[in-house]
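Worksheet: one structure, shown below.
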Amino acid sequence: MRRIQPRAASAAVAPLPATTQFSRELAAELTALQPIGTTGGEHGMAQLLDAAITTQKIALNSLAQVSYLADVDRGAMEEYLETNTDILDACNYFVERIEDMKKYVESLRIVAHSCTNATTSRALDKLESCHGIEKRLKTMEKRGSCLKKTMLRQKLGQESEFSEIVCGSKVMALMSCFSLEHALSFDCSKGGFPVVKCHPMSCSWLRIMQDLAEGSGEKKKIRRSMIELQQIVDAARELKEQIKGKREKEKVEYSCVERVKRSCGELEGGLGFVEGKVRDLYKSLIDVRMALLGILSQAFRSD
């Protein structure tokens with residue numbers, strides 16, 4: 001019996017981490033996202049951004065109810081603050097990109113109006129300026145943000161309730177921003193969501209988040225759901241070819257002009273909506289950052 005006892009003790013399985021209030025609330029938020037690709041329209045991207053904003057509010061409320069353990073949590077705090085800066089930079093990048101895309105849409109509206117009034121030479125000149133904006137957007141896209149590198153360097157451990165909260169806040173924001181970066185891209189062939197590795201005994205929301213990122217076709221559905229860039233680019237190119245093939249006083253096909261107008265309306269609506277969500281996310285990330293800096297200053301005073 002003495003020989004058996006140590007073997008039994010060594011085979012003991014470590015208990016699963018206790019489920020926190022933060023974990024339950026975030027898991028519920030992520031579970032509600034699972035049918036995201038079935039809604040169509042602009043709801044998929046909107047739901048994702050709303051979930052990221054709500055997660056920051058959950059994190060803010062949770063931070064007010066947990067203790068900060070300097071030795072255990074300082075690393076998680078420092079990593080969060082670094083990542084938070086990257087995400088805030090990405091939000092500024094999105095706003096700048098959206099502003100340029102709005103100019104692109106406005107230029108195409110002028111093109112469609114010119115075609116309606118049979119001034120095709122003016123329309124062709126304006127299409128050339130649209131092409132210039134498109135090239136600038138693609139150059140900006142190549143520069144892009146540092147979100148992918150930021151995602152890949154994440155350490156998703158769960159050493160304490162505090163570290164779980166800051167981890168959930170940053171990873172949810174990263175996931176939504178990474179998806180949005182793809183939605184604002186002219187390049188349909190961009191790679192998928194980077195795999196976020198987590199320990200099998202990690203909290204439930206991490207596993208749900210991983211399932212969302214790796215789900216069958218889910219990334220593509222989110223990618224297409226908000227900003228139909230390729231649709232408007234194709235419509236503009238078709239219109240340009242038609243204008244080039246017509247003489248000055250010949251009207252281009254009505255259906256082609258209407259397609260450009262319809263694409264402009266759809267893209268403009270999506271851009272305005274997503275810009276508001278990005279600004280809301282930025283504010284909520286600042287709120288969490290300020291709360292954490294307040295906790296850090298108190299910890300230094302107590303030291």
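Identifiers for the structure tokens are assigned positionally: chains receive A, B, ... in sequence, residues are indexed from 1 per chain, and ligands are indexed from 1 in the order shown.
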Write out as CSV a residue-level contact list of segment 81-117 of chain A versus segment 240-244 of chain A with cut-off 12 Å: for each qualifying residue the closest pair of atoms and the distance in Å to one decimal, counting only C-alpha atoms, rows sorted by chain and residue number upward.
residue,atom,partner,partner_atom,distance
A:Leu108,CA,A:Lys240,CA,10.8
A:Val111,CA,A:Lys240,CA,9.6
A:Ala112,CA,A:Lys240,CA,10.7
A:Ser114,CA,A:Ile243,CA,11.0
A:Cys115,CA,A:Ile243,CA,8.4
A:Thr116,CA,A:Ile243,CA,11.8
Output the selection as a compact mmCIF listing (two decimals), in the first residue's frame - C-alpha atoms for each residue.
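Written out: out.txt:
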# COMPACT_ATOMS: atom_id res chain seq x y z
CA LEU A 108 -17.96 57.71 -57.81
CA VAL A 111 -19.13 59.96 -61.94
CA ALA A 112 -22.61 58.43 -61.91
CA SER A 114 -22.04 62.97 -64.88
CA CYS A 115 -23.03 59.87 -66.86
CA THR A 116 -26.71 60.57 -66.21
Mind checking which residues fall within 9 Å of segment 269-282 of chain A, counting only C-alpha atoms, ignoring those fewer than 5 positions away in the same chain, and posting them as an mmCIF file with N, CA, C and O atoms, in the first residue's frame?
data_model
loop_
_atom_site.group_PDB
_atom_site.id
_atom_site.type_symbol
_atom_site.label_atom_id
_atom_site.label_comp_id
_atom_site.auth_asym_id
_atom_site.auth_seq_id
_atom_site.Cartn_x
_atom_site.Cartn_y
_atom_site.Cartn_z
ATOM 1 N N GLU A 42 -25.178 43.703 -42.942
ATOM 2 C CA GLU A 42 -24.114 44.332 -42.181
ATOM 3 C C GLU A 42 -24.086 43.861 -40.736
ATOM 4 O O GLU A 42 -23.262 44.280 -39.949
ATOM 5 N N MET A 45 -20.483 42.026 -38.948
ATOM 6 C CA MET A 45 -19.408 42.886 -38.472
ATOM 7 C C MET A 45 -19.881 43.756 -37.327
ATOM 8 O O MET A 45 -19.139 44.028 -36.374
ATOM 9 N N ALA A 46 -21.124 44.221 -37.406
ATOM 10 C CA ALA A 46 -21.681 45.055 -36.341
ATOM 11 C C ALA A 46 -21.729 44.292 -35.025
ATOM 12 O O ALA A 46 -21.373 44.819 -33.971
ATOM 13 N N LEU A 49 -18.152 43.965 -33.525
ATOM 14 C CA LEU A 49 -17.671 45.196 -32.906
ATOM 15 C C LEU A 49 -18.438 45.509 -31.623
ATOM 16 O O LEU A 49 -17.850 45.952 -30.634
ATOM 17 N N ASP A 50 -19.741 45.271 -31.648
ATOM 18 C CA ASP A 50 -20.536 45.480 -30.432
ATOM 19 C C ASP A 50 -20.066 44.566 -29.299
ATOM 20 O O ASP A 50 -20.002 44.971 -28.134
ATOM 21 N N ALA A 52 -17.059 43.410 -28.895
ATOM 22 C CA ALA A 52 -15.772 43.921 -28.410
ATOM 23 C C ALA A 52 -15.982 45.103 -27.464
ATOM 24 O O ALA A 52 -15.300 45.221 -26.432
ATOM 25 N N ILE A 53 -16.927 45.977 -27.804
ATOM 26 C CA ILE A 53 -17.220 47.130 -26.956
ATOM 27 C C ILE A 53 -17.815 46.675 -25.626
ATOM 28 O O ILE A 53 -17.413 47.134 -24.547
ATOM 29 N N THR A 54 -18.755 45.732 -25.702
ATOM 30 C CA THR A 54 -19.372 45.200 -24.478
ATOM 31 C C THR A 54 -18.339 44.525 -23.594
ATOM 32 O O THR A 54 -18.382 44.635 -22.360
ATOM 33 N N GLN A 56 -15.251 45.318 -23.211
ATOM 34 C CA GLN A 56 -14.496 46.335 -22.465
ATOM 35 C C GLN A 56 -15.294 46.823 -21.256
ATOM 36 O O GLN A 56 -14.724 47.081 -20.189
ATOM 37 N N ILE A 87 -3.666 48.420 -30.416
ATOM 38 C CA ILE A 87 -5.077 48.395 -30.838
ATOM 39 C C ILE A 87 -5.596 49.815 -31.042
ATOM 40 O O ILE A 87 -6.337 50.089 -31.996
ATOM 41 N N LEU A 88 -5.213 50.743 -30.169
ATOM 42 C CA LEU A 88 -5.616 52.142 -30.330
ATOM 43 C C LEU A 88 -5.049 52.715 -31.630
ATOM 44 O O LEU A 88 -5.745 53.439 -32.351
ATOM 45 N N CYS A 91 -7.177 51.443 -34.431
ATOM 46 C CA CYS A 91 -8.446 52.174 -34.526
ATOM 47 C C CYS A 91 -8.257 53.498 -35.273
ATOM 48 O O CYS A 91 -9.086 53.877 -36.113
ATOM 49 N N ASN A 92 -7.156 54.205 -34.976
ATOM 50 C CA ASN A 92 -6.865 55.453 -35.700
ATOM 51 C C ASN A 92 -6.628 55.177 -37.178
ATOM 52 O O ASN A 92 -7.052 55.952 -38.047
ATOM 53 N N PHE A 94 -7.970 52.737 -38.903
ATOM 54 C CA PHE A 94 -9.262 52.442 -39.515
ATOM 55 C C PHE A 94 -10.028 53.730 -39.833
ATOM 56 O O PHE A 94 -10.633 53.852 -40.904
ATOM 57 N N VAL A 95 -10.014 54.679 -38.904
ATOM 58 C CA VAL A 95 -10.731 55.939 -39.122
ATOM 59 C C VAL A 95 -10.140 56.681 -40.319
ATOM 60 O O VAL A 95 -10.879 57.198 -41.168
ATOM 61 N N ILE A 98 -11.185 54.837 -43.480
ATOM 62 C CA ILE A 98 -12.606 55.052 -43.765
ATOM 63 C C ILE A 98 -12.826 56.427 -44.383
ATOM 64 O O ILE A 98 -13.640 56.590 -45.311
ATOM 65 N N GLU A 99 -12.124 57.446 -43.900
ATOM 66 C CA GLU A 99 -12.255 58.792 -44.463
ATOM 67 C C GLU A 99 -11.853 58.804 -45.935
ATOM 68 O O GLU A 99 -12.521 59.433 -46.766
ATOM 69 N N MET A 101 -11.943 56.225 -47.925
ATOM 70 C CA MET A 101 -12.950 55.436 -48.651
ATOM 71 C C MET A 101 -14.216 56.249 -48.897
ATOM 72 O O MET A 101 -14.880 56.097 -49.926
ATOM 73 N N LYS A 102 -14.538 57.141 -47.982
ATOM 74 C CA LYS A 102 -15.688 58.029 -48.182
ATOM 75 C C LYS A 102 -15.444 58.964 -49.371
ATOM 76 O O LYS A 102 -16.356 59.253 -50.156
ATOM 77 N N ALA A 173 -10.815 42.561 -28.376
ATOM 78 C CA ALA A 173 -10.596 43.754 -29.190
ATOM 79 C C ALA A 173 -9.732 43.425 -30.405
ATOM 80 O O ALA A 173 -10.000 43.895 -31.523
ATOM 81 N N CYS A 177 -10.831 43.799 -34.367
ATOM 82 C CA CYS A 177 -10.049 44.704 -35.216
ATOM 83 C C CYS A 177 -9.399 43.958 -36.376
ATOM 84 O O CYS A 177 -9.326 44.479 -37.498
ATOM 85 N N LEU A 180 -12.026 43.406 -38.902
ATOM 86 C CA LEU A 180 -12.353 44.656 -39.570
ATOM 87 C C LEU A 180 -11.278 45.044 -40.582
ATOM 88 O O LEU A 180 -11.585 45.545 -41.667
ATOM 89 N N MET A 226 -19.806 43.260 -44.110
ATOM 90 C CA MET A 226 -20.019 44.676 -43.831
ATOM 91 C C MET A 226 -19.655 45.583 -45.001
ATOM 92 O O MET A 226 -20.424 46.413 -45.439
ATOM 93 N N ILE A 227 -18.458 45.443 -45.532
ATOM 94 C CA ILE A 227 -17.949 46.370 -46.534
ATOM 95 C C ILE A 227 -17.780 45.631 -47.861
ATOM 96 O O ILE A 227 -16.855 44.850 -48.014
ATOM 97 N N GLU A 228 -18.667 45.898 -48.819
ATOM 98 C CA GLU A 228 -18.607 45.203 -50.103
ATOM 99 C C GLU A 228 -17.699 45.967 -51.060
ATOM 100 O O GLU A 228 -18.150 46.584 -52.030
ATOM 101 N N CYS A 264 -22.499 52.516 -54.273
ATOM 102 C CA CYS A 264 -22.094 53.672 -53.458
ATOM 103 C C CYS A 264 -22.952 53.780 -52.202
ATOM 104 O O CYS A 264 -22.442 54.020 -51.102
ATOM 105 N N ASP A 287 -10.966 53.803 -21.649
ATOM 106 C CA ASP A 287 -11.516 53.669 -20.289
ATOM 107 C C ASP A 287 -10.822 52.547 -19.518
ATOM 108 O O ASP A 287 -10.463 52.716 -18.345
#
- By how many Å are atom CA of Glu266 of chain A and atom CA of Leu33 of chain A apart?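 Separating atom CA of Glu266 of chain A from atom CA of Leu33 of chain A is a distance of 23.4 Å.
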Exercise for the section: Excluding Lys103 of chain A and residues on its chain fewer than 6 positions from it, collect all residues at most 12 Å away from it, counting only C-alpha atoms, and give them as a ChimeraX atom specification. Expected result: /A:96-97,109-110,126,129-134,136-137,264,267-268,271
Selection file, all heavy atoms, as a compact mmCIF listing (two decimals), in the first residue's frame:
# COMPACT_ATOMS: atom_id res chain seq x y z
N GLU A 96 -8.81 56.72 -40.41
CA GLU A 96 -8.14 57.37 -41.53
C GLU A 96 -8.51 56.68 -42.85
O GLU A 96 -8.80 57.33 -43.86
CB GLU A 96 -6.62 57.33 -41.33
CG GLU A 96 -5.82 58.00 -42.43
CD GLU A 96 -4.32 57.82 -42.25
OE1 GLU A 96 -3.88 57.31 -41.20
OE2 GLU A 96 -3.58 58.17 -43.20
N ARG A 97 -8.51 55.36 -42.84
CA ARG A 97 -8.84 54.59 -44.04
C ARG A 97 -10.30 54.81 -44.45
O ARG A 97 -10.60 54.96 -45.64
CB ARG A 97 -8.59 53.10 -43.76
CG ARG A 97 -8.75 52.23 -44.99
CD ARG A 97 -8.25 50.82 -44.74
NE ARG A 97 -8.43 49.99 -45.92
CZ ARG A 97 -7.62 50.00 -46.98
NH1 ARG A 97 -6.56 50.78 -46.98
NH2 ARG A 97 -7.84 49.23 -48.03
N ARG A 109 -19.92 58.86 -56.94
CA ARG A 109 -21.26 59.47 -57.05
C ARG A 109 -21.24 60.55 -58.14
O ARG A 109 -22.19 60.67 -58.93
CB ARG A 109 -21.67 60.09 -55.72
CG ARG A 109 -22.13 59.10 -54.68
CD ARG A 109 -22.78 59.85 -53.51
NE ARG A 109 -23.12 58.96 -52.43
CZ ARG A 109 -24.18 58.15 -52.41
NH1 ARG A 109 -24.98 58.11 -53.46
NH2 ARG A 109 -24.43 57.38 -51.37
N ILE A 110 -20.19 61.37 -58.16
CA ILE A 110 -20.06 62.43 -59.18
C ILE A 110 -19.97 61.80 -60.57
O ILE A 110 -20.56 62.30 -61.54
CB ILE A 110 -18.83 63.31 -58.88
CG1 ILE A 110 -19.05 64.08 -57.57
CG2 ILE A 110 -18.58 64.29 -60.04
CD1 ILE A 110 -17.82 64.82 -57.07
N LYS A 126 -13.05 61.99 -63.70
CA LYS A 126 -13.30 61.71 -62.28
C LYS A 126 -12.97 60.26 -61.95
O LYS A 126 -12.49 59.96 -60.86
CB LYS A 126 -14.77 62.00 -61.95
CG LYS A 126 -15.02 62.28 -60.48
CD LYS A 126 -14.33 63.56 -60.04
CE LYS A 126 -14.50 63.79 -58.55
NZ LYS A 126 -13.74 64.96 -58.08
N SER A 129 -9.40 59.99 -61.13
CA SER A 129 -9.10 60.42 -59.76
C SER A 129 -9.52 59.34 -58.76
O SER A 129 -8.86 59.14 -57.74
CB SER A 129 -9.79 61.75 -59.44
OG SER A 129 -11.19 61.58 -59.30
N CYS A 130 -10.62 58.63 -59.08
CA CYS A 130 -11.04 57.50 -58.22
C CYS A 130 -9.96 56.43 -58.19
O CYS A 130 -9.68 55.84 -57.14
CB CYS A 130 -12.34 56.88 -58.75
SG CYS A 130 -13.79 57.90 -58.52
N HIS A 131 -9.38 56.18 -59.37
CA HIS A 131 -8.32 55.18 -59.45
C HIS A 131 -7.13 55.60 -58.59
O HIS A 131 -6.47 54.77 -57.96
CB HIS A 131 -7.89 55.00 -60.91
CG HIS A 131 -6.88 53.92 -61.11
ND1 HIS A 131 -7.14 52.59 -60.80
CD2 HIS A 131 -5.59 53.96 -61.56
CE1 HIS A 131 -6.06 51.87 -61.06
NE2 HIS A 131 -5.11 52.67 -61.52
N GLY A 132 -6.86 56.92 -58.55
CA GLY A 132 -5.77 57.42 -57.71
C GLY A 132 -6.04 57.18 -56.23
O GLY A 132 -5.14 56.79 -55.48
N ILE A 133 -7.29 57.40 -55.80
CA ILE A 133 -7.66 57.14 -54.40
C ILE A 133 -7.54 55.65 -54.10
O ILE A 133 -7.05 55.25 -53.05
CB ILE A 133 -9.10 57.63 -54.12
CG1 ILE A 133 -9.21 59.14 -54.30
CG2 ILE A 133 -9.52 57.25 -52.69
CD1 ILE A 133 -10.62 59.69 -54.20
N GLU A 134 -7.98 54.82 -55.05
CA GLU A 134 -7.90 53.36 -54.87
C GLU A 134 -6.44 52.92 -54.69
O GLU A 134 -6.14 52.09 -53.82
CB GLU A 134 -8.51 52.67 -56.08
CG GLU A 134 -8.67 51.17 -55.93
CD GLU A 134 -9.29 50.53 -57.16
OE1 GLU A 134 -10.16 51.15 -57.80
OE2 GLU A 134 -8.89 49.39 -57.48
N ARG A 136 -4.00 54.75 -53.56
CA ARG A 136 -3.54 55.23 -52.25
C ARG A 136 -4.04 54.32 -51.12
O ARG A 136 -3.31 54.01 -50.18
CB ARG A 136 -4.00 56.67 -52.02
CG ARG A 136 -3.42 57.28 -50.74
CD ARG A 136 -3.61 58.78 -50.69
NE ARG A 136 -4.98 59.20 -50.50
CZ ARG A 136 -5.73 59.78 -51.41
NH1 ARG A 136 -5.25 59.99 -52.63
NH2 ARG A 136 -6.97 60.14 -51.16
N LEU A 137 -5.27 53.88 -51.25
CA LEU A 137 -5.83 52.97 -50.25
C LEU A 137 -5.09 51.63 -50.23
O LEU A 137 -4.84 51.05 -49.17
CB LEU A 137 -7.32 52.73 -50.52
CG LEU A 137 -8.26 53.88 -50.13
CD1 LEU A 137 -9.62 53.70 -50.77
CD2 LEU A 137 -8.40 53.97 -48.61
N CYS A 264 -22.50 52.52 -54.27
CA CYS A 264 -22.09 53.67 -53.46
C CYS A 264 -22.95 53.78 -52.20
O CYS A 264 -22.44 54.02 -51.10
CB CYS A 264 -22.22 54.96 -54.27
SG CYS A 264 -20.90 55.21 -55.47
N LEU A 267 -22.07 50.90 -49.72
CA LEU A 267 -20.75 51.07 -49.10
C LEU A 267 -20.76 52.25 -48.13
O LEU A 267 -20.22 52.16 -47.03
CB LEU A 267 -19.69 51.28 -50.17
CG LEU A 267 -18.24 51.44 -49.68
CD1 LEU A 267 -17.82 50.24 -48.83
CD2 LEU A 267 -17.29 51.62 -50.84
N GLU A 268 -21.40 53.34 -48.54
CA GLU A 268 -21.45 54.52 -47.68
C GLU A 268 -22.16 54.23 -46.36
O GLU A 268 -21.71 54.64 -45.29
CB GLU A 268 -22.15 55.67 -48.41
CG GLU A 268 -22.06 57.00 -47.69
CD GLU A 268 -22.63 58.12 -48.53
OE1 GLU A 268 -23.75 57.96 -49.08
OE2 GLU A 268 -21.96 59.16 -48.65
N LEU A 271 -19.82 52.11 -44.21
CA LEU A 271 -18.67 52.88 -43.70
C LEU A 271 -19.07 53.77 -42.54
O LEU A 271 -18.37 53.86 -41.53
CB LEU A 271 -18.08 53.73 -44.83
CG LEU A 271 -17.31 52.98 -45.91
CD1 LEU A 271 -16.93 53.93 -47.05
CD2 LEU A 271 -16.06 52.32 -45.35
As a check of understanding: the span from atom CA of Asp71 of chain A to atom CA of Thr55 of chain A is 25.6 Å
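The nearest approach to Glu25 of chain A among the residues A:Thr150, A:Ser163, A:Ser204, A:Gln65, with only C-alpha atoms taken into account, belongs to A:Ser204.
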